[in-house]
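K.L.:
Coordinates in protein_30.txt, compact mmCIF, C-alpha atoms, are listed below.
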# COMPACT_ATOMS: atom_id res chain seq x y z
CA THR A 100 5.85 -2.17 28.25
CA PRO A 101 3.51 -5.09 28.86
CA THR A 102 3.98 -8.19 26.76
CA PRO A 103 1.26 -8.32 24.10
CA SER A 104 -1.21 -11.15 24.58
CA PHE A 105 -0.96 -12.07 20.90
CA MET A 106 1.76 -13.06 18.46
CA PRO A 107 2.14 -10.34 15.81
CA VAL A 108 1.63 -11.54 12.26
CA PHE A 109 5.39 -11.22 11.75
CA PRO A 110 8.15 -10.11 14.16
CA GLY A 111 8.18 -6.34 14.48
CA ALA A 112 4.81 -5.78 12.81
CA VAL A 113 3.10 -2.55 13.91
CA GLY A 114 -0.24 -1.02 12.97
CA TYR A 115 -3.82 -2.25 12.93
CA GLY A 116 -4.86 -5.83 12.28
CA ILE A 117 -1.37 -7.12 13.12
CA ASP A 118 -2.87 -9.61 15.59
CA THR A 119 -4.20 -11.60 12.64
CA PRO A 120 -2.93 -15.17 12.39
CA ALA A 121 -3.15 -14.83 8.58
CA GLY A 122 -2.26 -18.29 7.27
CA ARG A 123 -0.44 -19.43 10.43
CA GLY A 124 -1.00 -23.12 11.09
CA GLY A 125 -2.45 -23.71 7.65
CA ARG A 126 -1.25 -25.88 4.83
CA ILE A 127 1.68 -24.93 2.62
CA ILE A 128 0.85 -24.21 -1.02
CA LYS A 129 3.77 -23.90 -3.40
CA VAL A 130 3.63 -21.64 -6.46
CA THR A 131 5.69 -23.52 -9.03
CA ASN A 132 5.19 -21.52 -12.25
CA LEU A 133 4.57 -18.00 -13.51
CA ASN A 134 1.33 -18.78 -15.32
CA SER A 135 -1.58 -16.37 -14.89
CA GLU A 136 -3.86 -19.28 -13.94
CA GLY A 137 -4.02 -23.04 -13.65
CA PRO A 138 -2.25 -25.66 -11.55
CA GLY A 139 0.79 -24.37 -9.66
CA SER A 140 -0.11 -20.72 -10.31
CA PHE A 141 -0.40 -17.87 -7.82
CA ARG A 142 -4.05 -17.39 -8.80
CA GLU A 143 -4.87 -21.01 -7.94
CA ALA A 144 -3.13 -20.66 -4.56
CA LEU A 145 -5.19 -17.54 -3.81
CA ALA A 146 -8.41 -19.39 -4.69
CA ALA A 147 -7.75 -22.34 -2.35
CA SER A 148 -9.86 -22.49 0.80
CA GLY A 149 -8.80 -22.80 4.41
CA PRO A 150 -5.79 -21.39 6.25
CA ARG A 151 -2.76 -21.52 3.97
CA ILE A 152 0.75 -20.21 3.53
CA ILE A 153 1.65 -19.46 -0.08
CA ILE A 154 5.36 -19.86 -0.84
CA PHE A 155 7.16 -19.46 -4.13
CA GLU A 156 9.57 -21.91 -5.73
CA VAL A 157 9.78 -19.61 -8.73
CA GLY A 158 10.83 -16.03 -9.41
CA GLY A 159 10.10 -13.76 -12.38
CA ILE A 160 7.15 -12.06 -14.06
CA ILE A 161 3.49 -13.04 -13.78
CA ASN A 162 1.58 -11.47 -16.68
CA LEU A 163 -2.11 -11.17 -15.78
CA ASN A 164 -3.13 -10.11 -19.30
CA LYS A 165 -5.69 -7.71 -17.82
CA ASN A 166 -7.30 -10.42 -15.64
CA THR A 167 -7.53 -9.14 -12.06
CA LEU A 168 -6.43 -11.35 -9.19
CA ARG A 169 -9.20 -11.85 -6.62
CA LEU A 170 -8.72 -13.04 -3.07
CA THR A 171 -11.98 -14.15 -1.41
CA GLU A 172 -10.84 -17.00 0.87
CA PRO A 173 -9.57 -15.85 4.31
CA PHE A 174 -6.62 -16.79 6.49
CA VAL A 175 -3.74 -16.57 4.04
CA THR A 176 -0.07 -15.62 4.20
CA ILE A 177 1.45 -14.60 0.85
CA ALA A 178 5.17 -15.05 1.48
CA GLY A 179 6.77 -13.38 -1.52
CA GLN A 180 10.06 -13.31 0.37
CA THR A 181 10.43 -17.05 -0.29
CA ALA A 182 10.78 -16.53 -4.06
CA PRO A 183 14.28 -16.80 -5.50
CA SER A 184 15.78 -13.59 -6.91
CA PRO A 185 14.49 -11.50 -8.67
CA GLY A 186 11.29 -12.24 -6.73
CA ILE A 187 7.70 -12.06 -7.95
CA THR A 188 6.57 -9.18 -10.18
CA ILE A 189 2.96 -8.99 -11.36
CA ILE A 190 2.27 -7.01 -14.55
CA ARG A 191 -0.73 -5.94 -16.66
CA GLY A 192 -3.30 -6.13 -13.88
CA GLY A 193 -4.17 -5.59 -10.26
CA MET A 194 -5.67 -7.41 -7.30
CA GLU A 195 -8.83 -7.25 -5.17
CA LEU A 196 -8.64 -8.37 -1.54
CA ARG A 197 -12.22 -9.14 -0.52
CA THR A 198 -11.58 -11.23 2.56
CA HIS A 199 -10.05 -11.10 6.02
CA ASP A 200 -6.93 -12.18 7.87
CA VAL A 201 -4.34 -11.65 5.16
CA LEU A 202 -0.61 -11.01 5.20
CA MET A 203 1.15 -10.15 1.93
CA LYS A 204 4.88 -9.47 1.80
CA HIS A 205 7.47 -8.84 -0.91
CA ILE A 206 5.33 -8.79 -4.05
CA ARG A 207 5.74 -6.18 -6.83
CA PHE A 208 2.77 -4.90 -8.80
CA ARG A 209 3.68 -3.12 -12.05
CA ILE A 210 0.09 -2.53 -13.07
CA GLY A 211 0.19 -0.30 -16.15
CA ASP A 212 -2.27 0.34 -18.97
CA ALA A 213 -1.51 -3.01 -20.69
CA GLY A 214 -1.86 -1.28 -24.04
CA ALA A 215 -5.59 -0.75 -23.49
CA THR A 216 -7.34 2.36 -24.76
CA GLY A 217 -10.11 2.36 -22.15
CA GLY A 218 -12.33 0.22 -19.97
CA PHE A 219 -9.34 -0.98 -17.94
CA GLU A 220 -8.84 0.76 -14.59
CA PRO A 221 -6.88 -1.65 -12.38
CA ASP A 222 -5.39 -1.09 -8.96
CA VAL A 223 -4.66 -3.16 -5.87
CA SER A 224 -7.36 -2.65 -3.25
CA THR A 225 -9.08 -4.09 -0.21
CA TYR A 226 -12.83 -3.99 -0.70
CA GLY A 227 -16.01 -4.62 1.24
CA SER A 228 -17.36 -5.81 4.56
CA SER A 229 -15.21 -8.96 4.62
CA ALA A 230 -11.93 -7.02 4.22
CA TYR A 231 -10.39 -6.67 7.67
CA ASN A 232 -7.24 -7.70 9.55
CA ILE A 233 -5.07 -7.21 6.44
CA VAL A 234 -1.36 -6.37 6.55
CA ILE A 235 0.52 -5.47 3.35
CA ASP A 236 4.20 -5.04 4.09
CA HIS A 237 7.29 -4.50 1.92
CA CYS A 238 5.49 -4.57 -1.41
CA SER A 239 5.87 -2.26 -4.43
CA PHE A 240 3.03 -0.70 -6.41
CA THR A 241 3.43 1.42 -9.54
CA TRP A 242 1.50 2.54 -12.59
CA GLY A 243 -2.02 2.09 -11.25
CA VAL A 244 -4.66 3.37 -13.67
CA ASP A 245 -7.07 4.01 -10.76
CA GLU A 246 -5.07 4.04 -7.51
CA ASN A 247 -1.89 2.17 -6.80
CA MET A 248 -2.93 0.60 -3.46
CA SER A 249 -6.23 1.43 -1.76
CA VAL A 250 -8.55 0.62 1.12
CA SER A 251 -12.16 0.72 -0.01
CA GLY A 252 -15.73 -0.53 0.01
CA PRO A 253 -19.35 0.67 -0.04
CA ARG A 254 -19.91 4.26 1.05
CA TYR A 255 -23.08 4.08 3.13
CA ASP A 256 -22.82 0.82 5.06
CA GLY A 257 -20.99 2.07 8.15
CA PRO A 258 -17.64 0.99 9.59
CA ASN A 259 -18.50 -2.73 9.64
CA GLY A 260 -19.64 -2.63 6.02
CA THR A 261 -16.28 -1.75 4.54
CA SER A 262 -12.53 -2.29 4.90
CA ARG A 263 -11.16 -1.88 8.43
CA ARG A 264 -8.14 -2.78 10.57
CA ILE A 265 -5.71 -2.49 7.67
CA THR A 266 -1.96 -1.78 7.69
CA LEU A 267 0.12 -0.67 4.71
CA SER A 268 3.73 -0.68 5.88
CA ASN A 269 7.14 -0.24 4.27
CA ASN A 270 5.80 -0.19 0.70
CA ILE A 271 6.74 1.86 -2.37
CA ILE A 272 3.59 3.42 -3.86
CA ALA A 273 4.57 5.45 -6.90
CA GLU A 274 3.93 6.75 -10.39
CA GLY A 275 0.17 6.39 -10.58
CA LEU A 276 -0.52 6.96 -14.28
CA TYR A 277 -1.37 10.63 -14.90
CA ASP A 278 -2.85 11.29 -18.36
CA SER A 279 -3.68 7.69 -19.12
CA ILE A 280 -6.85 5.70 -19.92
CA HIS A 281 -8.94 6.43 -16.80
CA SER A 282 -12.52 7.39 -17.65
CA LYS A 283 -12.16 10.56 -15.55
CA GLY A 284 -9.13 11.71 -17.53
CA ILE A 285 -6.21 13.04 -15.46
CA HIS A 286 -5.72 10.72 -12.50
CA SER A 287 -2.46 9.49 -10.84
CA MET A 288 -3.44 8.38 -7.35
CA GLY A 289 -1.50 6.82 -4.50
CA THR A 290 -3.76 5.48 -1.75
CA LEU A 291 -7.46 6.13 -1.15
CA VAL A 292 -8.86 5.34 2.30
CA HIS A 293 -12.54 5.37 1.42
CA ASP A 294 -15.49 6.66 3.46
CA TYR A 295 -16.06 4.75 6.73
CA CYS A 296 -12.78 2.80 6.48
CA THR A 297 -11.52 2.80 10.07
CA GLU A 298 -8.29 1.87 11.82
CA VAL A 299 -6.16 2.15 8.71
CA ALA A 300 -2.41 2.50 9.33
CA VAL A 301 -0.07 3.90 6.66
CA ILE A 302 3.43 3.46 8.07
CA GLY A 303 6.93 3.71 6.60
CA ASN A 304 5.97 3.94 2.93
CA LEU A 305 7.47 5.92 0.05
CA TYR A 306 4.90 7.85 -1.99
CA ALA A 307 6.46 9.30 -5.14
CA HIS A 308 5.06 10.99 -8.27
CA ASN A 309 1.35 10.58 -7.45
CA ASN A 310 -0.79 13.63 -8.27
CA GLU A 311 -3.21 12.99 -5.38
CA ARG A 312 -3.99 10.67 -2.47
CA ASN A 313 -0.65 10.42 -0.72
CA PRO A 314 -2.85 9.18 1.04
CA TRP A 315 -6.47 10.53 1.18
CA TYR A 316 -8.75 9.67 4.12
CA LYS A 317 -12.42 10.39 3.33
CA GLY A 318 -15.56 10.83 5.47
CA TYR A 319 -15.66 9.00 8.82
CA ALA A 320 -12.25 7.38 8.09
CA THR A 321 -9.81 6.94 10.98
CA GLY A 322 -6.20 5.85 11.29
CA VAL A 323 -2.58 6.88 11.41
CA ILE A 324 -0.11 8.22 8.84
CA VAL A 325 3.32 7.70 10.37
CA ASN A 326 6.94 7.81 9.17
CA ASN A 327 6.22 8.05 5.44
CA VAL A 328 8.22 9.87 2.77
CA ILE A 329 6.11 11.79 0.25
CA TYR A 330 7.98 13.04 -2.83
CA ASN A 331 6.69 15.11 -5.76
CA PRO A 332 3.00 15.03 -4.84
CA GLY A 333 0.93 17.06 -7.29
CA LYS A 334 -2.35 18.69 -6.36
CA TRP A 335 -2.78 16.92 -3.01
CA PRO A 336 -0.21 15.37 -0.69
CA ILE A 337 -1.96 14.02 2.44
CA ARG A 338 -5.63 14.88 1.96
CA LEU A 339 -8.39 14.70 4.54
CA GLY A 340 -12.08 15.14 3.88
CA TYR A 341 -15.27 13.92 2.29
CA VAL A 342 -16.84 14.96 -1.00
CA LEU A 343 -20.23 16.31 -0.02
CA GLY A 344 -21.77 15.73 -3.45
CA GLU A 345 -21.14 12.01 -3.09
CA TRP A 346 -23.49 12.01 -0.06
CA ASP A 347 -26.29 13.90 -1.81
CA GLY A 348 -29.66 12.97 -0.39
CA TYR A 349 -28.18 11.13 2.56
CA TRP A 350 -26.48 13.29 5.20
CA THR A 351 -23.38 15.37 5.85
CA PRO A 352 -20.66 12.94 6.91
CA GLU A 353 -18.26 13.33 9.80
CA PRO A 354 -14.72 14.45 8.93
CA PRO A 355 -11.92 11.89 9.01
CA ARG A 356 -9.80 11.79 12.18
CA VAL A 357 -6.15 10.86 11.69
CA SER A 358 -2.90 10.92 13.67
CA ILE A 359 -0.09 12.23 11.43
CA VAL A 360 3.34 11.78 12.99
CA GLY A 361 6.96 11.72 11.84
CA ASN A 362 6.47 12.16 8.09
CA TYR A 363 8.79 13.82 5.55
CA MET A 364 7.54 15.56 2.40
CA LYS A 365 9.61 17.10 -0.38
CA LEU A 366 7.98 18.83 -3.34
CA GLY A 367 9.08 18.05 -6.88
CA VAL A 368 8.65 19.37 -10.41
CA ASN A 369 4.92 18.52 -10.59
CA SER A 370 3.98 19.76 -7.11
CA THR A 371 1.36 22.49 -6.84
CA CYS A 372 0.19 21.77 -3.27
CA GLN A 373 0.51 24.31 -0.47
CA GLY A 374 1.65 22.17 2.45
CA LEU A 375 1.67 18.70 3.96
CA VAL A 376 -1.97 18.11 4.94
CA GLY A 377 -4.88 19.72 3.11
CA THR A 378 -8.66 19.65 2.93
CA ASN A 379 -11.36 21.34 0.90
CA SER A 380 -14.21 20.08 3.09
CA ALA A 381 -13.34 19.08 6.66
CA GLY A 382 -10.61 17.00 8.24
CA LYS A 383 -9.27 16.57 11.76
CA ALA A 384 -5.64 15.71 12.44
CA TYR A 385 -3.24 15.35 15.31
CA LEU A 386 0.18 16.47 14.02
CA GLU A 387 3.57 15.87 15.59
CA ASP A 388 7.16 16.00 14.28
CA ASN A 389 6.47 16.33 10.55
CA ILE A 390 8.81 17.90 7.96
CA ALA A 391 7.44 19.61 4.83
CA LEU A 392 9.88 21.10 2.33
CA GLY A 393 9.53 22.98 -0.93
CA ARG A 394 11.62 22.29 -4.02
CA SER A 395 14.44 24.50 -2.76
CA GLY A 396 14.36 23.04 0.74
CA ASN A 397 12.25 25.83 2.24
CA SER A 398 9.81 24.94 5.00
CA LEU A 399 6.13 24.69 4.06
CA PRO A 400 2.97 24.93 6.16
CA LEU A 401 1.90 21.68 7.78
CA THR A 402 -1.81 22.29 7.10
CA TYR A 403 -3.93 24.26 4.66
CA GLY A 404 -7.55 24.56 3.61
CA GLY A 405 -9.04 24.52 7.09
CA VAL A 406 -7.69 21.31 8.59
CA VAL A 407 -8.72 21.20 12.26
CA THR A 408 -5.73 20.27 14.44
CA LEU A 409 -6.41 18.04 17.43
CA SER A 410 -4.55 18.23 20.74
CA ASN A 411 -4.66 14.46 21.29
CA LYS A 412 -4.26 11.45 19.03
CA PRO A 413 -7.74 10.36 17.90
CA THR A 414 -6.47 6.82 17.34
CA TRP A 415 -3.15 5.04 17.79
CA PRO A 416 -2.13 1.39 17.44
CA ASN A 417 -0.72 -0.36 20.49
CA GLY A 418 3.06 -0.61 20.44
CA LEU A 419 3.68 1.83 17.59
CA ALA A 420 6.79 3.86 18.45
CA PRO A 421 7.53 6.26 15.58
CA LEU A 422 11.02 7.17 14.50
CA PRO A 423 11.91 10.89 14.45
CA ALA A 424 11.07 12.54 11.14
CA SER A 425 14.76 13.43 10.81
CA GLN A 426 15.59 9.72 10.46
CA ILE A 427 12.83 8.76 8.05
CA VAL A 428 14.54 9.45 4.73
CA ASN A 429 17.37 7.06 5.59
CA GLN A 430 14.94 4.44 6.89
CA VAL A 431 12.63 4.53 3.88
CA VAL A 432 15.39 4.74 1.28
CA ASN A 433 17.07 1.64 2.67
CA HIS A 434 14.12 -0.46 3.79
CA SER A 435 10.96 0.26 1.78
CA GLY A 436 9.39 -1.65 -1.08
CA ALA A 437 9.65 -5.26 -2.14
CA ARG A 438 13.02 -6.90 -1.47
CA PRO A 439 14.98 -3.75 -0.52
CA LYS A 440 18.31 -5.61 -0.75
CA ASP A 441 17.27 -7.11 -4.11
CA ARG A 442 15.38 -4.23 -5.73
CA ASP A 443 14.29 -4.26 -9.35
CA SER A 444 15.27 -1.45 -11.72
CA VAL A 445 11.93 0.36 -11.24
CA ASP A 446 12.29 0.72 -7.47
CA GLN A 447 15.98 1.59 -7.83
CA ARG A 448 15.10 4.36 -10.27
CA ILE A 449 12.34 5.79 -8.04
CA ILE A 450 14.65 5.83 -5.01
CA THR A 451 17.45 7.48 -7.01
CA GLN A 452 15.07 10.11 -8.38
CA PHE A 453 13.95 11.00 -4.86
CA LEU A 454 17.55 11.31 -3.64
CA ASN A 455 18.48 13.46 -6.66
CA ASN A 456 15.29 15.58 -6.71
CA THR A 457 14.50 14.34 -10.22
CA GLY A 458 11.68 12.39 -11.87
CA GLN A 459 8.15 13.41 -12.77
CA PHE A 460 4.64 12.13 -13.38
CA VAL A 461 4.28 9.41 -15.99
CA ASN A 462 1.37 8.85 -18.36
CA SER A 463 2.32 5.30 -19.28
CA GLN A 464 4.80 2.69 -18.15
CA ASN A 465 6.29 3.02 -21.64
CA GLU A 466 7.72 6.43 -20.68
CA VAL A 467 9.95 4.84 -18.04
CA GLY A 468 11.21 1.72 -19.76
CA GLY A 469 8.02 -0.29 -20.10
CA TYR A 470 7.03 -3.43 -18.29
CA PRO A 471 9.94 -5.23 -16.65
CA THR A 472 11.25 -8.48 -18.03
CA ALA A 473 13.16 -11.18 -16.19
CA PRO A 474 14.03 -14.80 -16.83
CA MET A 475 12.23 -17.38 -14.72
CA THR A 476 14.27 -18.67 -11.78
CA THR A 477 13.51 -21.66 -9.58
CA ARG A 478 14.51 -22.88 -6.14
CA THR A 479 13.24 -25.96 -4.32
CA LEU A 480 12.06 -25.11 -0.82
CA VAL A 481 12.26 -27.64 1.99
CA VAL A 482 9.66 -26.59 4.50
CA PRO A 483 10.44 -27.35 8.15
CA SER A 484 7.90 -29.30 10.16
CA TYR A 485 7.85 -26.69 12.93
CA ASN A 486 8.74 -23.00 13.52
CA ILE A 487 7.29 -22.04 10.14
CA ASP A 488 7.02 -18.39 11.29
CA GLU A 489 10.75 -18.26 12.04
CA TRP A 490 11.55 -19.92 8.73
CA LEU A 491 9.49 -17.39 6.76
CA HIS A 492 10.99 -14.50 8.72
CA SER A 493 14.52 -15.68 7.92
CA PHE A 494 13.81 -15.01 4.22
CA SER A 495 12.51 -11.54 5.08
CA LEU A 496 15.60 -10.71 7.10
CA GLU A 497 17.83 -11.52 4.13
CA LEU A 498 15.90 -9.03 1.98
CA GLU A 499 15.03 -6.22 4.38
Please rewrite the model in this file as structure tokens.
P.N.:
Amino acid sequence: TPTPSFMPVFPGAVGYGIDTPAGRGGRIIKVTNLNSEGPGSFREALAASGPRIIIFEVGGIINLNKNTLRLTEPFVTIAGQTAPSPGITIIRGGMELRTHDVLMKHIRFRIGDAGATGGFEPDVSTYGSSAYNIVIDHCSFTWGVDENMSVSGPRYDGPNGTSRRITLSNNIIAEGLYDSIHSKGIHSMGTLVHDYCTEVAVIGNLYAHNNERNPWYKGYATGVIVNNVIYNPGKWPIRLGYVLGEWDGYWTPEPPRVSIVGNYMKLGVNSTCQGLVGTNSAGKAYLEDNIALGRSGNSLPLTYGGVVTLSNKPTWPNGLAPLPASQIVNQVVNHSGARPKDRDSVDQRIITQFLNNTGQFVNSQNEVGGYPTAPMTTRTLVVPSYNIDEWLHSFSLELE
């Protein structure tokens, strides 16, 4: 294979947008406390301008107190792998990524309802025309009130008006809150890839106990869904298609076009879906080497609801070589989520439930032990004057 003409954002990165420099070459900003805001906080580091690499001299819990994190300044590397054990866990809130050229690794989001009774619908999401070249790798997302981790933006502004060139790789995306405080009532969503979001790669993730959107690609969306494990999806596992009523008065959108390769699905106690990939409008998919199993291990249909199967991949990232579906359970169990060799109790429980065919939808984080707690830990980091990429990667290798 030819040598790529770019340096991937981290060694071994695959997907779309991986040619981003993120914060490479920028200044080092150290997070030195667990405060929700103010000097030395993660929020202040996100708000800084110019290329920057955010490293963590502290580990523990950042309580957002229902105040969303917002990232609007581009060219940033969020190196959660540099935090001392137990790593960085963000609770009681989500994050909006409204800018470009971003790498985020090894951060946990335990979003939850924060005790609210309404008017609080957090998730973690890319959003808008400035959201492109974003890679989110080895993070953990649970208890979203809206989605857990999504790719989104305006509906009618075309592919350059919304999120694009996004990769979600090696994450755990689980337990979207079911009968919680969302204004629409029953929810529990994994990942939405909104209308017109293009070149979105969902690779090597564990989706568990999300009623819908495991993931869902809407009108005009394109991308790949490769080497994921989907456990106990409810109404919809992988969903393709637009909602025509949302386009009322405009036009009938084009169906999404997605390459779906090397995935493994196992139904659980809440599953009512009929197969791996479904639509109730229109969706086009290239399918290869996928495994779909019922609760008793019986094989299920790969498509239902009128999915149009394509004979060629409609899109495919350069250099992506999928593992066989038969190897994916072992890969995802051992290597997905934030800090796989230093997992918190939430990720450990979700992995164990998948392996034991147990677990179910949750309505609140309080049903599964509540928000995590951890003492603050600290570690002074001596940053080398060169080979910063190699230095950051050495922390990742210890955890992955």
K.L.:
List as a PyMOL selection string the protein and nucleic acid residues near range 444-454 of chain A, meaning an atom at most 7 Å away when all atoms listed in the file are counted, but skip any in the same chain fewer than 4 places from it.
P.N.:
chain A and resi 330+432+458
K.L.:
Provide the CA of Thr188 in chain A to CA of Pro483 in chain A distance in Å, to one decimal place.
P.N.:
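Computing it gives 26.1 Å between the two atoms.
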K.L.:
Give me the residues near Thr297 in chain A as a VMD selection string, where near means some atom within 6 Å (using only C-alpha atoms) and where sequence neighbours in that chain fewer than 4 positions away do not count.
P.N.:
chain A and resid 263 320 to 321
K.L.:
Just write the chosen residues, C-alpha atoms, as a compact mmCIF listing (two decimals), in the coordinates of the input.
P.N.:
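The new file selection.txt reads:
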# COMPACT_ATOMS: atom_id res chain seq x y z
CA ARG A 263 -11.16 -1.88 8.43
CA ALA A 320 -12.25 7.38 8.09
CA THR A 321 -9.81 6.94 10.98
K.L.:
Between CA of Thr176 in chain A and CA of Trp415 in chain A, what is the spacing in Å?
P.N.:
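CA of Thr176 in chain A lies 24.9 Å from CA of Trp415 in chain A.
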K.L.:
List as a list in words the protein and nucleic acid residues near Ser140 in chain A, meaning an atom at most 12 Å away when only C-alpha atoms are counted, but skip any in the same chain fewer than 4 places from it.
P.N.:
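Contacts, with the query itself left out: Ile128, Lys129, Val130, Thr131, Asn132, Leu133, Asn134, Ser135, Glu136, Ala144, Leu145, Ala146, Ala147, Ile153, Ile154, Phe155, Glu156, Val157, Gly158, Ile160, Ile161, Asn162, Leu163, Leu168 and Ile187 of chain A.
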K.L.:
Considering all atoms listed in the file, can you say which of A:Ile280, A:Val482, A:Leu496, A:Ala437 comes closest to Arg126 in chain A?
P.N.:
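Using all atoms listed in the file, Arg126 in chain A sits closest to A:Val482.
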K.L.:
Record the distance separating CA of Thr476 in chain A and CA of Ser224 in chain A, expressed in Å with one decimal.
P.N.:
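These atoms are spaced 28.2 Å apart.
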K.L.:
Report the centre and edge lengths, in Å to one decimal, of an axis-aligned box enclosing every atom of range 478-493 of chain A listed in the file, padded by 4 Å on each side, as AutoDock Vina command-line options.
P.N.:
--center_x 10.8 --center_y -21.9 --center_z 3.7 --size_x 15.5 --size_y 22.8 --size_z 27.7
K.L.:
Looking at A:Val360, A:Ile265, A:Met288, A:Leu498, which one is nearest to Tyr115 in chain A, with distances taken over only C-alpha atoms?
P.N.:
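Looking at the shortest contact to Tyr115 in chain A, the residue is A:Ile265.
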K.L.:
Give the answer as one residue: which of A:Leu399, A:Leu170, A:Met248, A:Val325 has the shortest atom-to-atom distance to Leu291 in chain A, using only C-alpha atoms?
P.N.:
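Distance minimum relative to Leu291 in chain A lands on A:Met248.
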K.L.:
Kindly provide, as a CSV table (one decimal) with C-alpha atoms, keeping the file's coordinate frame, the polymer residues lying within 8 Å of (13.3, 10.1, 8.0), counting all atoms listed in the file and using the coordinates exactly as they appear in the file.
P.N.:
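Output below, filename selection_21.csv:
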chain,number,residue,atom,x,y,z
A,326,ASN,CA,6.9,7.8,9.2
A,327,ASN,CA,6.2,8.0,5.4
A,328,VAL,CA,8.2,9.9,2.8
A,361,GLY,CA,7.0,11.7,11.8
A,362,ASN,CA,6.5,12.2,8.1
A,363,TYR,CA,8.8,13.8,5.6
A,422,LEU,CA,11.0,7.2,14.5
A,423,PRO,CA,11.9,10.9,14.4
A,424,ALA,CA,11.1,12.5,11.1
A,425,SER,CA,14.8,13.4,10.8
A,426,GLN,CA,15.6,9.7,10.5
A,427,ILE,CA,12.8,8.8,8.0
A,428,VAL,CA,14.5,9.4,4.7
A,429,ASN,CA,17.4,7.1,5.6
A,430,GLN,CA,14.9,4.4,6.9
A,431,VAL,CA,12.6,4.5,3.9
K.L.:
Write out as a VMD selection string each polymer residue whose atoms come within 12 Å of Leu276 in chain A, counting only C-alpha atoms; drop sequence neighbours fewer than 6 positions from it.
P.N.:
chain A and resid 209 to 213 220 to 222 240 to 247 284 to 289 307 to 311 459 to 467
K.L.:
Could you pull the residues within 12 Å of Gly374 in chain A, counting all atoms listed in the file, minus those fewer than 3 positions along the same chain, as an mmCIF file with C-alpha atoms, in the frame of the given file?
P.N.:
data_model
loop_
_atom_site.group_PDB
_atom_site.id
_atom_site.type_symbol
_atom_site.label_atom_id
_atom_site.label_comp_id
_atom_site.auth_asym_id
_atom_site.auth_seq_id
_atom_site.Cartn_x
_atom_site.Cartn_y
_atom_site.Cartn_z
ATOM 1 C CA ILE A 329 6.110 11.790 0.250
ATOM 2 C CA ASN A 331 6.690 15.110 -5.760
ATOM 3 C CA PRO A 332 3.000 15.030 -4.840
ATOM 4 C CA GLY A 333 0.930 17.060 -7.290
ATOM 5 C CA LYS A 334 -2.350 18.690 -6.360
ATOM 6 C CA TRP A 335 -2.780 16.920 -3.010
ATOM 7 C CA PRO A 336 -0.210 15.370 -0.690
ATOM 8 C CA ILE A 337 -1.960 14.020 2.440
ATOM 9 C CA ARG A 338 -5.630 14.880 1.960
ATOM 10 C CA TYR A 363 8.790 13.820 5.550
ATOM 11 C CA MET A 364 7.540 15.560 2.400
ATOM 12 C CA LYS A 365 9.610 17.100 -0.380
ATOM 13 C CA LEU A 366 7.980 18.830 -3.340
ATOM 14 C CA SER A 370 3.980 19.760 -7.110
ATOM 15 C CA THR A 371 1.360 22.490 -6.840
ATOM 16 C CA GLY A 377 -4.880 19.720 3.110
ATOM 17 C CA THR A 378 -8.660 19.650 2.930
ATOM 18 C CA ASN A 389 6.470 16.330 10.550
ATOM 19 C CA ILE A 390 8.810 17.900 7.960
ATOM 20 C CA ALA A 391 7.440 19.610 4.830
ATOM 21 C CA LEU A 392 9.880 21.100 2.330
ATOM 22 C CA GLY A 393 9.530 22.980 -0.930
ATOM 23 C CA ARG A 394 11.620 22.290 -4.020
ATOM 24 C CA ASN A 397 12.250 25.830 2.240
ATOM 25 C CA SER A 398 9.810 24.940 5.000
ATOM 26 C CA LEU A 399 6.130 24.690 4.060
ATOM 27 C CA PRO A 400 2.970 24.930 6.160
ATOM 28 C CA LEU A 401 1.900 21.680 7.780
ATOM 29 C CA THR A 402 -1.810 22.290 7.100
ATOM 30 C CA TYR A 403 -3.930 24.260 4.660
ATOM 31 C CA GLY A 404 -7.550 24.560 3.610
ATOM 32 C CA GLY A 405 -9.040 24.520 7.090
ATOM 33 C CA VAL A 406 -7.690 21.310 8.590
#
K.L.:
Counting all atoms listed in the file, select every polymer residue within 9 Å of (11.3, -13.8, -4.6) as defined in the file's coordinates, and provide the selection as a PyMOL selection string.
P.N.:
chain A and resi 155-159+178-188+205-206+438+441
